[in-house]
>>> print(open('start-v2.cif').read())   # mmCIF, C-alpha atoms and all ligand atoms
data_start
loop_
_atom_site.label_atom_id
_atom_site.label_comp_id
_atom_site.auth_asym_id
_atom_site.auth_seq_id
_atom_site.Cartn_x
_atom_site.Cartn_y
_atom_site.Cartn_z
CA MET A 40 44.27 -15.69 51.41
CA SER A 41 42.02 -17.55 53.82
CA ASP A 42 39.40 -14.80 53.85
CA ALA A 43 36.21 -16.02 52.26
CA ILE A 44 35.08 -13.96 49.30
CA PRO A 45 31.84 -12.28 50.31
CA GLU A 46 28.78 -13.52 48.47
CA PRO A 47 27.62 -10.92 45.92
CA GLU A 48 24.25 -9.40 46.59
CA PRO A 49 21.63 -11.28 44.59
CA LEU A 50 20.49 -9.34 41.55
CA ILE A 51 16.77 -8.87 41.46
CA LEU A 52 16.12 -8.72 37.74
CA ASP A 53 12.69 -7.18 38.21
CA ARG A 54 14.32 -4.17 39.81
CA LEU A 55 16.79 -3.53 36.97
CA ILE A 56 16.05 -1.34 34.01
CA ALA A 57 18.14 -1.30 30.83
CA CYS A 58 18.49 1.82 28.73
CA PRO A 59 16.91 1.10 25.33
CA GLN A 60 19.61 3.17 23.57
CA CYS A 61 22.91 2.21 25.22
CA ASP A 62 21.99 -0.88 27.33
CA GLY A 63 23.25 0.80 30.51
CA LEU A 64 21.78 -0.93 33.56
CA HIS A 65 20.09 1.06 36.31
CA ARG A 66 18.12 0.23 39.42
CA ASP A 67 14.48 1.22 39.12
CA ALA A 68 12.86 3.79 41.38
CA ASP A 69 9.36 4.89 42.14
CA LEU A 70 9.19 8.51 41.11
CA SER A 71 6.52 10.91 42.19
CA ASN A 72 4.71 12.96 39.56
CA GLY A 73 6.86 15.67 38.04
CA LEU A 74 10.15 13.76 38.35
CA ARG A 75 11.85 11.99 35.49
CA ALA A 76 14.71 9.51 35.40
CA ARG A 77 17.17 9.59 32.54
CA CYS A 78 20.03 7.28 31.56
CA HIS A 79 23.23 8.50 33.26
CA ARG A 80 25.23 7.72 30.10
CA CYS A 81 23.14 8.92 27.16
CA GLY A 82 20.26 10.86 28.71
CA THR A 83 17.45 8.69 27.29
CA LEU A 84 14.23 9.05 29.27
CA LEU A 85 13.81 5.89 31.33
CA ILE A 86 11.03 6.63 33.79
CA ALA A 87 8.34 9.30 33.54
CA PRO A 88 5.51 10.01 35.95
CA ARG A 89 2.58 7.91 34.90
CA ALA A 90 -0.48 10.17 35.02
CA GLU A 91 1.07 12.73 32.70
CA ALA A 92 2.83 10.32 30.33
CA PHE A 93 -0.14 7.98 29.82
CA LEU A 94 -2.46 10.81 28.86
CA GLN A 95 0.08 12.41 26.50
CA VAL A 96 0.80 9.14 24.71
CA MET A 97 -2.90 8.31 24.40
CA MET A 98 -3.80 11.73 23.01
CA LEU A 99 -0.93 11.54 20.52
CA SER A 100 -2.15 8.09 19.43
CA VAL A 101 -5.64 9.44 18.80
CA THR A 102 -4.05 12.31 16.83
CA VAL A 103 -2.20 9.74 14.71
CA ALA A 104 -5.51 8.00 13.88
CA ILE A 105 -7.22 11.27 12.86
CA LEU A 106 -4.27 12.46 10.75
CA MET A 107 -4.00 9.04 9.12
CA VAL A 108 -7.57 9.23 7.77
CA GLY A 109 -6.84 12.61 6.18
CA ALA A 110 -3.43 11.48 4.95
CA VAL A 111 -4.85 8.45 3.16
CA PHE A 112 -8.00 9.81 1.56
CA PHE A 113 -7.28 13.50 0.77
CA PRO A 114 -5.26 14.39 -2.36
CA PHE A 115 -1.58 13.86 -1.71
CA LEU A 116 -0.04 15.44 -4.79
CA SER A 117 -1.18 17.28 -7.85
CA VAL A 118 1.02 17.01 -10.92
CA GLN A 119 0.70 19.43 -13.84
CA ALA A 120 2.51 18.90 -17.13
CA ALA A 121 1.76 19.94 -20.72
CA GLY A 122 -1.58 21.48 -19.74
CA LEU A 123 -2.76 18.30 -18.01
CA SER A 124 -3.32 18.01 -14.28
CA HIS A 125 -3.74 14.95 -12.11
CA ASP A 126 -4.57 14.61 -8.40
CA GLY A 127 -3.70 11.48 -6.47
CA SER A 128 -4.27 10.24 -2.93
CA VAL A 129 -2.38 7.47 -1.14
CA PHE A 130 -5.53 5.36 -1.43
CA ASP A 131 -5.44 5.81 -5.24
CA ALA A 132 -1.76 4.82 -5.23
CA VAL A 133 -2.50 1.63 -3.30
CA ARG A 134 -5.26 0.70 -5.75
CA ALA A 135 -3.04 1.46 -8.74
CA PHE A 136 -0.97 -1.70 -8.24
CA SER A 137 -3.11 -4.38 -9.82
CA GLY A 138 -2.44 -7.73 -11.46
CA PRO A 139 -0.99 -10.90 -9.95
CA ILE A 140 2.55 -9.54 -9.60
CA LEU A 141 1.81 -6.06 -8.26
CA ALA A 142 -1.22 -6.88 -6.07
CA PRO A 143 0.96 -8.14 -3.16
CA LEU A 144 2.82 -4.83 -3.36
CA SER A 145 -0.38 -2.87 -2.85
CA VAL A 146 -1.25 -5.08 0.15
CA MET A 147 2.22 -4.43 1.60
CA VAL A 148 1.93 -0.65 1.08
CA LEU A 149 -1.48 -0.65 2.74
CA PHE A 150 -0.18 -2.66 5.70
CA LEU A 151 3.10 -0.86 6.28
CA ILE A 152 2.01 2.75 5.99
CA VAL A 153 -1.66 2.62 7.03
CA LEU A 154 -2.91 -0.52 8.79
CA ILE A 155 0.04 -1.22 11.09
CA PRO A 156 0.15 2.37 12.48
CA ILE A 157 -3.63 2.18 13.02
CA LEU A 158 -3.35 -1.22 14.75
CA ARG A 159 -0.68 0.24 17.04
CA VAL A 160 -2.97 3.16 17.91
CA ILE A 161 -5.80 0.76 18.82
CA ALA A 162 -3.46 -1.38 20.96
CA ILE A 163 -1.98 1.65 22.77
CA VAL A 164 -5.38 3.24 23.47
CA TYR A 165 -6.70 -0.15 24.69
CA THR A 166 -3.71 -0.42 27.04
CA LEU A 167 -3.69 3.14 28.35
CA TRP A 168 -7.37 4.15 28.49
CA PRO A 169 -8.14 2.53 31.88
CA LEU A 170 -4.73 3.52 33.28
CA THR A 171 -5.26 7.23 32.54
CA ARG A 172 -8.45 7.06 34.60
CA GLY A 173 -6.77 5.30 37.51
CA GLN A 174 -8.55 1.99 36.84
CA PRO A 175 -6.95 -1.47 36.55
CA PRO A 176 -5.83 -2.36 33.00
CA TYR A 177 -8.05 -4.39 30.69
CA ARG A 178 -7.55 -8.15 30.68
CA HIS A 179 -5.49 -8.36 27.49
CA ALA A 180 -3.51 -5.14 28.07
CA ALA A 181 -0.17 -6.99 28.21
CA VAL A 182 -0.85 -8.78 24.90
CA ALA A 183 -2.01 -5.54 23.27
CA PHE A 184 0.99 -3.52 24.45
CA ARG A 185 3.45 -6.26 23.46
CA ALA A 186 1.84 -6.31 20.00
CA ALA A 187 2.18 -2.52 19.75
CA GLU A 188 5.89 -2.79 20.58
CA ARG A 189 6.47 -5.66 18.13
CA LEU A 190 4.73 -3.75 15.33
CA ARG A 191 6.77 -0.60 15.89
CA PRO A 192 9.58 -1.45 13.40
CA TRP A 193 6.96 -2.28 10.76
CA SER A 194 5.21 1.07 10.99
CA MET A 195 6.84 2.80 8.02
CA THR A 196 5.09 6.13 7.69
CA GLU A 197 8.39 8.02 8.04
CA ILE A 198 10.06 5.84 5.40
CA PHE A 199 7.17 6.56 3.07
CA MET A 200 7.73 10.32 3.50
CA ILE A 201 11.45 9.97 2.74
CA GLY A 202 10.65 7.90 -0.36
CA THR A 203 8.16 10.52 -1.48
CA ALA A 204 10.70 13.31 -1.01
CA VAL A 205 13.22 11.44 -3.19
CA ALA A 206 10.58 10.84 -5.89
CA LEU A 207 9.57 14.53 -5.82
CA VAL A 208 13.14 15.63 -6.55
CA LYS A 209 13.07 13.40 -9.64
CA ILE A 210 9.63 14.53 -10.84
CA GLY A 211 10.29 18.22 -10.06
CA GLY A 212 12.33 18.70 -13.24
CA MET A 213 9.65 17.24 -15.52
CA ALA A 214 6.36 18.58 -14.17
CA THR A 215 4.91 21.13 -11.79
CA VAL A 216 4.10 19.44 -8.50
CA SER A 217 1.85 20.92 -5.83
CA PHE A 218 1.13 19.40 -2.46
CA GLY A 219 -2.37 18.44 -1.35
CA PRO A 220 -3.68 18.41 2.25
CA ALA A 221 -2.67 14.76 2.66
CA PHE A 222 1.00 15.66 2.14
CA TRP A 223 0.90 18.06 5.11
CA ALA A 224 -1.13 15.52 7.13
CA PHE A 225 1.64 12.96 6.52
CA GLY A 226 4.28 15.52 7.53
CA ALA A 227 2.39 16.22 10.78
CA LEU A 228 1.97 12.46 11.27
CA VAL A 229 5.73 11.90 11.21
CA ILE A 230 6.23 14.61 13.87
CA VAL A 231 3.42 13.22 16.06
CA LEU A 232 4.87 9.68 15.78
CA VAL A 233 8.27 10.96 16.94
CA LEU A 234 6.63 12.83 19.86
CA GLU A 235 4.68 9.70 20.79
CA ASP A 236 7.89 7.69 20.93
CA THR A 237 9.54 10.40 23.02
CA PHE A 238 6.75 10.54 25.62
CA MET A 239 6.16 6.79 25.70
CA CYS A 240 7.79 5.40 28.81
CA LYS A 241 7.59 1.66 28.19
CA TRP A 242 8.94 0.82 31.62
CA THR A 243 6.22 2.82 33.40
CA ILE A 244 3.51 1.29 31.21
CA TRP A 245 4.78 -2.27 31.74
CA LYS A 246 5.03 -1.69 35.46
CA ALA A 247 1.45 -0.35 35.60
CA ILE A 248 0.18 -3.37 33.64
CA ASP A 249 2.25 -5.79 35.69
CA THR A 250 1.39 -4.51 39.16
CA SER A 251 -2.33 -4.07 38.48
CA THR A 252 -3.01 -7.32 36.62
CA PRO A 253 -4.38 -10.03 38.90
CA ARG A 254 -2.01 -12.97 38.76
CA SER A 255 -3.42 -16.47 38.43
ZN ZN A 301 21.54 5.12 27.81
#
>>> encode(input="start-v2.cif", output="structure tokens")
Amino acid sequence: MSDAIPEPEPLILDRLIACPQCDGLHRDADLSNGLRARCHRCGTLLIAPRAEAFLQVMMLSVTVAILMVGAVFFPFLSVQAAGLSHDGSVFDAVRAFSGPILAPLSVMVLFLIVLIPILRVIAIVYTLWPLTRGQPPYRHAAVAFRAAERLRPWSMTEIFMIGTAVALVKIGGMATVSFGPAFWAFGALVIVLVLEDTFMCKWTIWKAIDTSTPRS
């Protein structure tokens, strides 16, 4: 009983990485290009080689911006009933809420399904553009990337598509509905957003920002 209990090895928090899905803790590792590290419990991608991942995420972000323009301004749906036909875009829908009670709703719709995804794209491109070219990150890269991460739960393009699908089931019985180009643009947008999340290795991006930023 007189044996002294050995001191535990000090934990270097900077070298630990937590799985975003299951909170499993792992030690970090510097991987060469082509290797990937996944969570040993749930298989979530933890570390991806930087050159490849940065470029993929940035290109997907630019794709989001292009699709978003089409998704907002092109006709979304065309409804025909009793010989009458009406086209509507998301932009028309946002403008349709007027008056003191409904105006805040139109601002919210605009923010949640259009402006916040666009702001995230700008922040991600700002963060990754110099990194993809092997240059040091811009001065406010950490602020921009943190903002992109904070805004993620508020980017509700997918929720909008689910809401639209539910509404279409209701309308389908009363009128003939046909989809405009914006509907397909939104569908593609949801897939691209999922791909972007899949390729985005936050740990690698943070590490690149952290190790290249001059400390004061
Ligand atoms: Zn996990």
>>> residues_near_ligand(input="start-v2.cif", ligand="ligand ZN 301 (chain A)", cutoff="7 Å", atoms="only C-alpha atoms and all ligand atoms", output="number ranges by chain")
A: 58-63, 78-83
>>> residues_around(input="start-v2.cif", residues="stretch 235-238 of chain A", least_positions_apart="6", cutoff="8 Å", atoms="all atoms listed in the file", output="ChimeraX atom specification")
/A:84,92,95-96,99-100
>>> closest_residue(input="start-v2.cif", among="A:Ile86, A:Leu207, A:Val108, A:Leu94", to="A:Ile157", atoms="only C-alpha atoms")
A:Val108
>>> atom_distance(input="start-v2.cif", atom1="atom CA of A:Ala68", atom2="atom CA of A:Phe93")
17.9 Å
>>> axis_aligned_box(input="start-v2.cif", around="stretch 208-211 of chain A", padding_each_side="5 Å", output="lines of an AutoDock Vina configuration file")
center_x = 11.4
center_y = 15.8
center_z = -8.7
size_x = 13.5
size_y = 14.8
size_z = 14.3
>>> closest_residue(input="start-v2.cif", among="A:Ala87, A:Ile244, A:Ala206, A:Leu232", to="A:Leu74", atoms="only C-alpha atoms")
A:Ala87
>>> closest_residue(input="start-v2.cif", among="A:Leu151, A:Ala121, A:Leu106, A:Leu167", to="A:Gly226", atoms="only C-alpha atoms")
A:Leu106
>>> residues_around(input="start-v2.cif", residues="A:Ile210", least_positions_apart="4", cutoff="12 Å", atoms="all atoms listed in the file", output="ChimeraX atom specification")
/A:116-120,203-206,214-217
>>> atom_distance(input="start-v2.cif", atom1="atom CA of A:Pro156", atom2="atom CA of A:Ser194")
5.4 Å
>>> residues_around(input="start-v2.cif", residues="A:Val153", least_positions_apart="6", cutoff="10 Å", atoms="all atoms listed in the file", output="number ranges by chain")
A: 104, 107-108, 110-111, 129-130, 147, 194-196
>>> closest_residue(input="start-v2.cif", among="A:Val160, A:Val208, A:Met213, A:Pro175", to="A:Glu188", atoms="all atoms listed in the file")
A:Val160
>>> closest_residue(input="start-v2.cif", among="A:Val133, A:Ile161, A:Arg66, A:Ser145", to="A:Leu190", atoms="only C-alpha atoms")
A:Ile161
>>> closest_residue(input="start-v2.cif", among="A:Phe222, A:Phe136, A:Phe199, A:Trp245", to="A:Ala183", atoms="all atoms listed in the file")
A:Trp245
>>> atom_distance(input="start-v2.cif", atom1="atom CA of A:Tyr177", atom2="atom CA of A:Val164")
10.8 Å
>>> closest_atom_pairs(input="start-v2.cif", of="stretch 91-171 of chain A", to="stretch 184-187 of chain A", cutoff="8 Å", atoms="only C-alpha atoms", output="tab-separated table")
residue	atom	partner	partner_atom	distance
A:Leu158	CA	A:Ala187	CA	7.6
A:Arg159	CA	A:Ala187	CA	4.8
A:Val160	CA	A:Ala187	CA	7.9
A:Ala162	CA	A:Ala187	CA	5.9
A:Ile163	CA	A:Phe184	CA	6.2
A:Thr166	CA	A:Phe184	CA	6.2
>>> build_atoms(input="start-v2.cif", residues="stretch 122-133 of chain A", atoms="all heavy atoms", output="mmCIF file, in the frame of the given file")
data_model
loop_
_atom_site.group_PDB
_atom_site.id
_atom_site.type_symbol
_atom_site.label_atom_id
_atom_site.label_comp_id
_atom_site.auth_asym_id
_atom_site.auth_seq_id
_atom_site.Cartn_x
_atom_site.Cartn_y
_atom_site.Cartn_z
ATOM 1 N N GLY A 122 -0.170 21.088 -19.791
ATOM 2 C CA GLY A 122 -1.580 21.480 -19.740
ATOM 3 C C GLY A 122 -2.490 20.459 -19.076
ATOM 4 O O GLY A 122 -3.683 20.695 -18.913
ATOM 5 N N LEU A 123 -1.941 19.321 -18.684
ATOM 6 C CA LEU A 123 -2.760 18.300 -18.010
ATOM 7 C C LEU A 123 -2.469 18.324 -16.524
ATOM 8 O O LEU A 123 -1.340 18.588 -16.098
ATOM 9 C CB LEU A 123 -2.442 16.911 -18.567
ATOM 10 C CG LEU A 123 -2.795 16.678 -20.033
ATOM 11 C CD1 LEU A 123 -2.219 15.359 -20.501
ATOM 12 C CD2 LEU A 123 -4.308 16.699 -20.228
ATOM 13 N N SER A 124 -3.510 18.023 -15.730
ATOM 14 C CA SER A 124 -3.320 18.010 -14.280
ATOM 15 C C SER A 124 -3.905 16.733 -13.709
ATOM 16 O O SER A 124 -4.932 16.247 -14.192
ATOM 17 C CB SER A 124 -4.022 19.241 -13.688
ATOM 18 O OG SER A 124 -4.042 19.140 -12.299
ATOM 19 N N HIS A 125 -3.221 16.175 -12.701
ATOM 20 C CA HIS A 125 -3.740 14.950 -12.110
ATOM 21 C C HIS A 125 -3.534 14.985 -10.591
ATOM 22 O O HIS A 125 -2.446 15.267 -10.112
ATOM 23 C CB HIS A 125 -3.041 13.729 -12.707
ATOM 24 C CG HIS A 125 -3.626 12.443 -12.228
ATOM 25 N ND1 HIS A 125 -4.866 11.988 -12.598
ATOM 26 C CD2 HIS A 125 -3.125 11.522 -11.373
ATOM 27 C CE1 HIS A 125 -5.115 10.840 -11.983
ATOM 28 N NE2 HIS A 125 -4.081 10.534 -11.242
ATOM 29 N N ASP A 126 -4.620 14.700 -9.866
ATOM 30 C CA ASP A 126 -4.570 14.610 -8.400
ATOM 31 C C ASP A 126 -4.454 13.146 -7.997
ATOM 32 O O ASP A 126 -5.054 12.293 -8.640
ATOM 33 C CB ASP A 126 -5.895 15.095 -7.784
ATOM 34 C CG ASP A 126 -5.923 16.596 -7.660
ATOM 35 O OD1 ASP A 126 -4.867 17.206 -7.882
ATOM 36 O OD2 ASP A 126 -6.999 17.132 -7.360
ATOM 37 N N GLY A 127 -3.748 12.875 -6.932
ATOM 38 C CA GLY A 127 -3.700 11.480 -6.470
ATOM 39 C C GLY A 127 -3.620 11.412 -4.962
ATOM 40 O O GLY A 127 -2.916 12.209 -4.339
ATOM 41 N N SER A 128 -4.370 10.467 -4.371
ATOM 42 C CA SER A 128 -4.270 10.240 -2.930
ATOM 43 C C SER A 128 -3.486 8.945 -2.706
ATOM 44 O O SER A 128 -3.242 8.186 -3.648
ATOM 45 C CB SER A 128 -5.659 10.111 -2.304
ATOM 46 O OG SER A 128 -6.271 8.923 -2.737
ATOM 47 N N VAL A 129 -3.096 8.711 -1.463
ATOM 48 C CA VAL A 129 -2.380 7.470 -1.140
ATOM 49 C C VAL A 129 -3.285 6.272 -1.430
ATOM 50 O O VAL A 129 -2.826 5.232 -1.914
ATOM 51 C CB VAL A 129 -1.942 7.491 0.336
ATOM 52 C CG1 VAL A 129 -1.380 6.146 0.756
ATOM 53 C CG2 VAL A 129 -0.906 8.577 0.538
ATOM 54 N N PHE A 130 -4.576 6.442 -1.169
ATOM 55 C CA PHE A 130 -5.530 5.360 -1.430
ATOM 56 C C PHE A 130 -5.541 5.003 -2.931
ATOM 57 O O PHE A 130 -5.545 3.831 -3.304
ATOM 58 C CB PHE A 130 -6.917 5.795 -0.958
ATOM 59 C CG PHE A 130 -7.923 4.686 -0.939
ATOM 60 C CD1 PHE A 130 -7.728 3.555 -0.162
ATOM 61 C CD2 PHE A 130 -9.078 4.759 -1.706
ATOM 62 C CE1 PHE A 130 -8.648 2.524 -0.145
ATOM 63 C CE2 PHE A 130 -10.007 3.734 -1.699
ATOM 64 C CZ PHE A 130 -9.788 2.617 -0.913
ATOM 65 N N ASP A 131 -5.517 6.055 -3.790
ATOM 66 C CA ASP A 131 -5.440 5.810 -5.240
ATOM 67 C C ASP A 131 -4.153 5.051 -5.583
ATOM 68 O O ASP A 131 -4.157 4.147 -6.422
ATOM 69 C CB ASP A 131 -5.421 7.134 -6.022
ATOM 70 C CG ASP A 131 -6.715 7.906 -5.844
ATOM 71 O OD1 ASP A 131 -7.743 7.253 -5.588
ATOM 72 O OD2 ASP A 131 -6.688 9.155 -5.943
ATOM 73 N N ALA A 132 -3.047 5.458 -4.926
ATOM 74 C CA ALA A 132 -1.760 4.820 -5.230
ATOM 75 C C ALA A 132 -1.788 3.347 -4.871
ATOM 76 O O ALA A 132 -1.279 2.506 -5.611
ATOM 77 C CB ALA A 132 -0.647 5.534 -4.459
ATOM 78 N N VAL A 133 -2.423 3.038 -3.727
ATOM 79 C CA VAL A 133 -2.500 1.630 -3.300
ATOM 80 C C VAL A 133 -3.316 0.831 -4.310
ATOM 81 O O VAL A 133 -2.958 -0.290 -4.683
ATOM 82 C CB VAL A 133 -3.111 1.544 -1.889
ATOM 83 C CG1 VAL A 133 -3.474 0.113 -1.542
ATOM 84 C CG2 VAL A 133 -2.137 2.100 -0.862
#
